[in-house]
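Engineer: My structure is stored as my_file.csv, with CSV, C-alpha atoms.
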```
chain,number,residue,atom,x,y,z
A,1,MET,CA,13.8,-27.8,-12.9
A,2,GLN,CA,15.5,-29.4,-9.8
A,3,GLN,CA,17.1,-26.0,-8.9
A,4,SER,CA,13.7,-24.2,-9.2
A,5,LEU,CA,12.1,-26.9,-7.0
A,6,GLU,CA,14.9,-26.6,-4.4
A,7,ALA,CA,14.6,-22.8,-4.4
A,8,LEU,CA,10.8,-23.0,-3.8
A,9,VAL,CA,11.3,-25.5,-1.0
A,10,ARG,CA,13.9,-23.2,0.7
A,11,LEU,CA,11.4,-20.3,0.3
A,12,LEU,CA,8.5,-22.2,1.9
A,13,GLU,CA,10.7,-23.5,4.7
A,14,SER,CA,11.3,-20.0,6.0
A,15,TYR,CA,8.6,-18.1,7.8
A,16,ARG,CA,9.0,-14.9,5.8
A,17,GLY,CA,9.2,-16.8,2.5
A,18,ARG,CA,6.0,-18.8,3.3
A,19,ASP,CA,4.2,-15.6,4.4
A,20,LYS,CA,5.1,-14.0,1.0
A,21,VAL,CA,3.8,-17.0,-0.9
A,22,ILE,CA,0.5,-17.0,1.2
A,23,ARG,CA,0.1,-13.3,0.7
A,24,THR,CA,0.7,-13.5,-3.0
A,25,VAL,CA,-1.8,-16.3,-3.4
A,26,CYS,CA,-4.3,-14.6,-1.1
A,27,TYR,CA,-4.2,-11.3,-3.0
A,28,GLY,CA,-4.3,-13.1,-6.4
A,29,SER,CA,-7.3,-15.1,-5.3
A,30,GLN,CA,-9.1,-12.0,-4.1
A,31,LEU,CA,-8.4,-10.2,-7.3
A,32,VAL,CA,-9.5,-13.0,-9.7
A,33,GLY,CA,-12.4,-14.0,-7.4
A,34,GLY,CA,-13.7,-10.4,-7.2
A,35,VAL,CA,-13.5,-10.0,-11.0
A,36,LEU,CA,-15.3,-13.3,-11.7
A,37,SER,CA,-18.0,-12.6,-9.1
A,38,ARG,CA,-18.8,-9.2,-10.4
A,39,LYS,CA,-18.5,-9.7,-14.1
A,40,ALA,CA,-19.9,-13.1,-14.5
A,41,GLU,CA,-23.4,-12.7,-13.1
A,42,THR,CA,-24.8,-14.5,-16.1
A,43,ASP,CA,-22.2,-17.2,-16.0
A,44,VAL,CA,-23.1,-19.5,-13.1
A,45,SER,CA,-19.9,-21.6,-13.2
A,46,SER,CA,-17.6,-18.5,-13.3
A,47,GLN,CA,-19.6,-16.9,-10.5
A,48,ARG,CA,-19.3,-20.1,-8.4
A,49,LEU,CA,-15.5,-20.2,-9.1
A,50,GLY,CA,-15.2,-16.5,-8.1
A,51,LYS,CA,-17.0,-17.1,-4.8
A,52,SER,CA,-14.8,-20.2,-4.1
A,53,LEU,CA,-11.7,-18.1,-4.7
A,54,LEU,CA,-12.9,-15.4,-2.4
A,55,LEU,CA,-13.6,-18.0,0.3
A,56,PHE,CA,-10.2,-19.5,-0.2
A,57,SER,CA,-8.6,-16.1,0.1
A,58,ALA,CA,-10.5,-15.4,3.3
A,59,GLN,CA,-9.1,-18.6,4.8
A,60,LEU,CA,-5.5,-17.6,3.8
A,61,SER,CA,-6.1,-14.1,5.3
A,62,HIS,CA,-7.3,-15.8,8.5
A,63,CYS,CA,-4.2,-18.0,8.4
A,64,ARG,CA,-1.9,-14.9,8.2
A,65,THR,CA,-3.8,-13.3,11.1
A,66,VAL,CA,-3.1,-16.3,13.3
A,67,LEU,CA,0.6,-16.4,12.2
A,68,ARG,CA,0.9,-12.7,13.2
A,69,LEU,CA,0.2,-13.6,16.8
A,70,PHE,CA,3.9,-14.4,17.0
A,71,ASP,CA,5.2,-11.3,15.2
A,72,ASP,CA,5.2,-8.8,18.1
A,73,LEU,CA,8.7,-9.6,19.3
A,74,SER,CA,10.2,-9.5,15.8
A,75,MET,CA,8.6,-6.1,15.2
A,76,LEU,CA,9.9,-4.9,18.6
A,77,ALA,CA,13.4,-6.1,17.8
A,78,TYR,CA,13.2,-4.2,14.4
A,79,SER,CA,12.0,-1.1,16.1
A,80,GLN,CA,14.7,-1.2,18.7
A,81,SER,CA,17.4,-1.8,16.1
A,82,TYR,CA,16.1,1.2,14.1
A,83,GLY,CA,15.7,3.4,17.2
A,84,PHE,CA,15.4,7.0,16.3
A,85,GLY,CA,17.0,6.4,12.9
A,86,ALA,CA,20.4,7.8,13.7
A,87,THR,CA,21.8,6.4,10.4
A,88,GLU,CA,19.2,8.3,8.3
A,89,GLU,CA,20.6,11.4,6.6
A,90,ASP,CA,17.3,13.2,6.4
A,91,ALA,CA,15.3,14.2,9.5
A,92,GLY,CA,12.0,13.9,7.6
A,93,VAL,CA,12.6,10.3,6.6
A,94,ARG,CA,13.9,9.5,10.1
A,95,TRP,CA,10.8,10.7,12.0
A,96,ILE,CA,8.4,9.3,9.5
A,97,SER,CA,10.0,5.9,9.9
A,98,VAL,CA,9.9,6.2,13.7
A,99,LEU,CA,6.2,7.0,13.6
A,100,THR,CA,5.6,4.1,11.2
A,101,ASN,CA,7.3,1.7,13.6
A,102,VAL,CA,5.1,3.0,16.4
A,103,ALA,CA,1.9,2.5,14.4
A,104,ASP,CA,3.0,-1.0,13.3
A,105,GLN,CA,3.9,-2.0,16.9
A,106,LEU,CA,0.6,-0.8,18.3
A,107,TYR,CA,-1.3,-2.5,15.5
A,108,TYR,CA,-0.4,-6.1,16.6
A,109,PRO,CA,-2.0,-6.1,20.1
A,110,CYS,CA,-5.2,-4.5,18.6
A,111,GLU,CA,-5.4,-7.3,16.0
A,112,HIS,CA,-4.7,-9.9,18.6
A,113,ILE,CA,-7.5,-8.7,20.9
A,114,ALA,CA,-9.9,-8.4,17.9
A,115,TRP,CA,-9.0,-12.0,16.8
A,116,ALA,CA,-9.4,-13.4,20.3
A,117,ALA,CA,-12.8,-11.6,20.6
A,118,ASP,CA,-14.0,-13.1,17.3
A,119,ALA,CA,-12.8,-16.5,18.5
A,120,GLU,CA,-14.7,-16.0,21.7
A,121,LEU,CA,-11.6,-16.4,23.8
A,122,ILE,CA,-12.2,-13.2,25.6
A,123,LYS,CA,-15.5,-11.5,26.4
A,124,VAL,CA,-15.2,-8.2,24.5
A,125,LYS,CA,-16.6,-6.8,21.3
A,126,SER,CA,-14.2,-7.0,18.4
A,127,ASP,CA,-15.6,-4.1,16.4
A,128,LYS,CA,-13.8,-1.3,18.2
A,129,TRP,CA,-10.5,-3.2,18.1
A,130,TRP,CA,-10.8,-4.0,14.4
A,131,LEU,CA,-11.6,-0.3,13.9
A,132,LEU,CA,-8.6,0.8,15.9
A,133,GLY,CA,-6.4,-1.7,14.1
A,134,THR,CA,-7.6,-0.4,10.8
A,135,ALA,CA,-6.9,3.2,11.8
A,136,LEU,CA,-3.3,2.2,12.8
A,137,TRP,CA,-2.9,0.2,9.6
A,138,GLY,CA,-4.1,3.2,7.6
A,139,THR,CA,-1.7,5.5,9.5
A,140,SER,CA,1.2,3.1,8.7
A,141,LEU,CA,0.1,3.0,5.1
A,142,LEU,CA,0.0,6.8,4.7
A,143,LEU,CA,3.3,7.2,6.5
A,144,GLY,CA,4.9,4.6,4.2
A,145,ILE,CA,3.6,6.6,1.2
A,146,LEU,CA,4.9,9.9,2.7
A,147,ARG,CA,8.3,8.2,3.3
A,148,SER,CA,8.5,6.9,-0.2
A,149,LEU,CA,7.6,10.3,-1.6
A,150,ARG,CA,10.2,12.0,0.6
A,151,VAL,CA,12.9,9.6,-0.6
A,152,LEU,CA,11.9,10.1,-4.2
A,153,LEU,CA,12.1,13.9,-3.8
A,154,LEU,CA,15.5,13.7,-2.1
A,155,LEU,CA,16.8,11.5,-4.9
A,156,LYS,CA,15.6,13.8,-7.6
A,157,LYS,CA,17.1,16.8,-5.8
A,158,LYS,CA,20.4,15.0,-5.5
A,159,LEU,CA,20.5,14.1,-9.2
A,160,ARG,CA,19.6,17.7,-10.2
A,161,ARG,CA,22.2,19.2,-7.9
A,162,CYS,CA,24.9,16.9,-9.4
A,163,GLU,CA,23.8,17.9,-12.9
A,164,ARG,CA,23.7,21.6,-12.0
A,165,GLU,CA,27.1,21.6,-10.4
A,166,GLY,CA,28.5,19.7,-13.3
A,167,VAL,CA,29.6,16.7,-11.3
A,168,ASP,CA,30.8,14.0,-13.7
A,169,LEU,CA,28.8,11.0,-12.6
A,170,SER,CA,30.0,7.7,-13.7
A,171,CYS,CA,27.7,5.4,-15.7
A,172,ALA,CA,27.3,3.2,-12.6
A,173,ASP,CA,26.3,6.1,-10.4
A,174,ARG,CA,23.8,7.4,-13.0
A,175,CYS,CA,22.3,3.9,-13.3
A,176,LYS,CA,22.2,3.6,-9.5
A,177,GLY,CA,20.3,6.9,-9.2
A,178,ARG,CA,17.8,6.0,-11.9
A,179,CYS,CA,17.3,2.5,-10.3
A,180,SER,CA,16.7,4.2,-6.9
A,181,LEU,CA,14.1,6.5,-8.4
A,182,SER,CA,12.4,3.6,-10.1
A,183,SER,CA,12.4,1.6,-6.9
A,184,ALA,CA,10.9,4.4,-4.9
A,185,ALA,CA,8.2,5.0,-7.5
A,186,TRP,CA,7.5,1.2,-7.6
A,187,LEU,CA,7.3,1.1,-3.8
A,188,ILE,CA,4.7,3.9,-3.8
A,189,SER,CA,2.6,2.0,-6.5
A,190,VAL,CA,2.7,-1.2,-4.5
A,191,THR,CA,1.8,0.5,-1.3
A,192,LEU,CA,-1.2,2.2,-2.9
A,193,PHE,CA,-2.3,-1.1,-4.4
A,194,ILE,CA,-2.1,-2.9,-1.1
A,195,GLY,CA,-3.9,0.0,0.6
A,196,CYS,CA,-6.7,0.1,-1.9
A,197,ARG,CA,-7.1,-3.7,-2.2
A,198,PRO,CA,-9.1,-4.2,1.1
A,199,ALA,CA,-11.8,-1.7,0.0
A,200,PHE,CA,-12.5,-3.9,-3.1
A,201,CYS,CA,-11.5,-7.4,-2.0
A,202,GLY,CA,-12.2,-7.8,1.7
A,203,ARG,CA,-10.2,-7.0,4.8
A,204,ASP,CA,-6.7,-8.1,5.6
A,205,ASP,CA,-5.7,-5.4,8.0
A,206,SER,CA,-2.0,-5.8,8.2
A,207,PRO,CA,0.6,-3.0,8.3
A,208,THR,CA,3.0,-2.9,5.3
A,209,GLY,CA,6.1,-2.2,7.3
A,210,TRP,CA,9.1,-4.3,8.4
A,211,TRP,CA,8.4,-7.6,6.7
A,212,GLY,CA,7.9,-6.1,3.2
```
Could you show the structure in this file as structure tokens?

Structural biologist:
Amino acid sequence: MQQSLEALVRLLESYRGRDKVIRTVCYGSQLVGGVLSRKAETDVSSQRLGKSLLLFSAQLSHCRTVLRLFDDLSMLAYSQSYGFGATEEDAGVRWISVLTNVADQLYYPCEHIAWAADAELIKVKSDKWWLLGTALWGTSLLLGILRSLRVLLLLKKKLRRCEREGVDLSCADRCKGRCSLSSAAWLISVTLFIGCRPAFCGRDDSPTGWWG
């Protein structure tokens, strides 16, 4: 019990860890709140709880938007460290990743301007900036899916080539290959879930890139 508590405290003390907790609670509240609000029309108490969860989720989403005001430099540092993906073996994966980083980097100032406009800090209309941010977010999402599909295809080709050439793979290598395939498939599923979620549960226009 003490070790679990200490692990949770360490998680919450880090920015990335706290963001993951907030994001998980936010998405969970949206999911449960949406289900209760739509399926409990005759149950007043459940409907009230659903609306409360949706409001709570909206506040958490706004919290993440404010926290992302300080993410530009971290994203820039990540993009610079990746560069043109010289360490990537496949050109397709490399250029998809570069384009994803560009979309993610451009997303932040659009969201910042839209947030500042909604907060009446600047005298511009936020609609077009939210729209542009959503377009960049969607582009990043689609590129992430394409990258995952490309990685999945490359892994399958590699395993098939080894089997065709009669390469004697060790048990550890076979397990690693299967785990990589499973991880790629899981990543695609999660990306699709995150992408579809705003359409059903409300907007949290954030790219799914470098912070995971």

Engineer: Pick out the closest residue to Ala58 in chain A from this set: A:Phe70, A:Arg38, A:Gln30, A:Phe84. Count all atoms listed in the file.

Structural biologist: A:Gln30

Engineer: What's around range 109-124 of chain A at 6 Å? Count all atoms listed in the file, leave out sequence neighbours fewer than 5 positions away in its own chain, and write the answer as a PyMOL selection string.

Structural biologist: chain A and resi 129-130+133

Engineer: Please report the interatomic distance between CA of Ser148 in chain A and CA of Leu73 in chain A in Å with one decimal.

Structural biologist: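 CA of Leu73 in chain A lies 25.5 Å from CA of Ser148 in chain A.
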
Engineer: So which one's closest to Leu69 in chain A, A:Tyr108, A:Leu152, A:Lys20, A:Arg161? Using only C-alpha atoms, please.

Structural biologist: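 When distances to Leu69 in chain A are compared using only C-alpha atoms, the smallest one comes from A:Tyr108.
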
Engineer: Let me make sure I understand: among A:Asp43, A:Asp19, A:Asp90, A:Glu165, which one has the smallest atom-to-atom distance to Ser61 in chain A if we use only C-alpha atoms?

Structural biologist: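 Closest candidate: A:Asp19.
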
Engineer: So what do you get for CA of Leu99 in chain A versus CA of Leu143 in chain A, distance-wise?

Structural biologist: 7.7 Å

Engineer: Would you work out the distance separating CA of Lys158 in chain A from CA of Asn101 in chain A, expressed in Å to one decimal?

Structural biologist: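 Pair CA of Lys158 in chain A / CA of Asn101 in chain A returns 26.7 Å.
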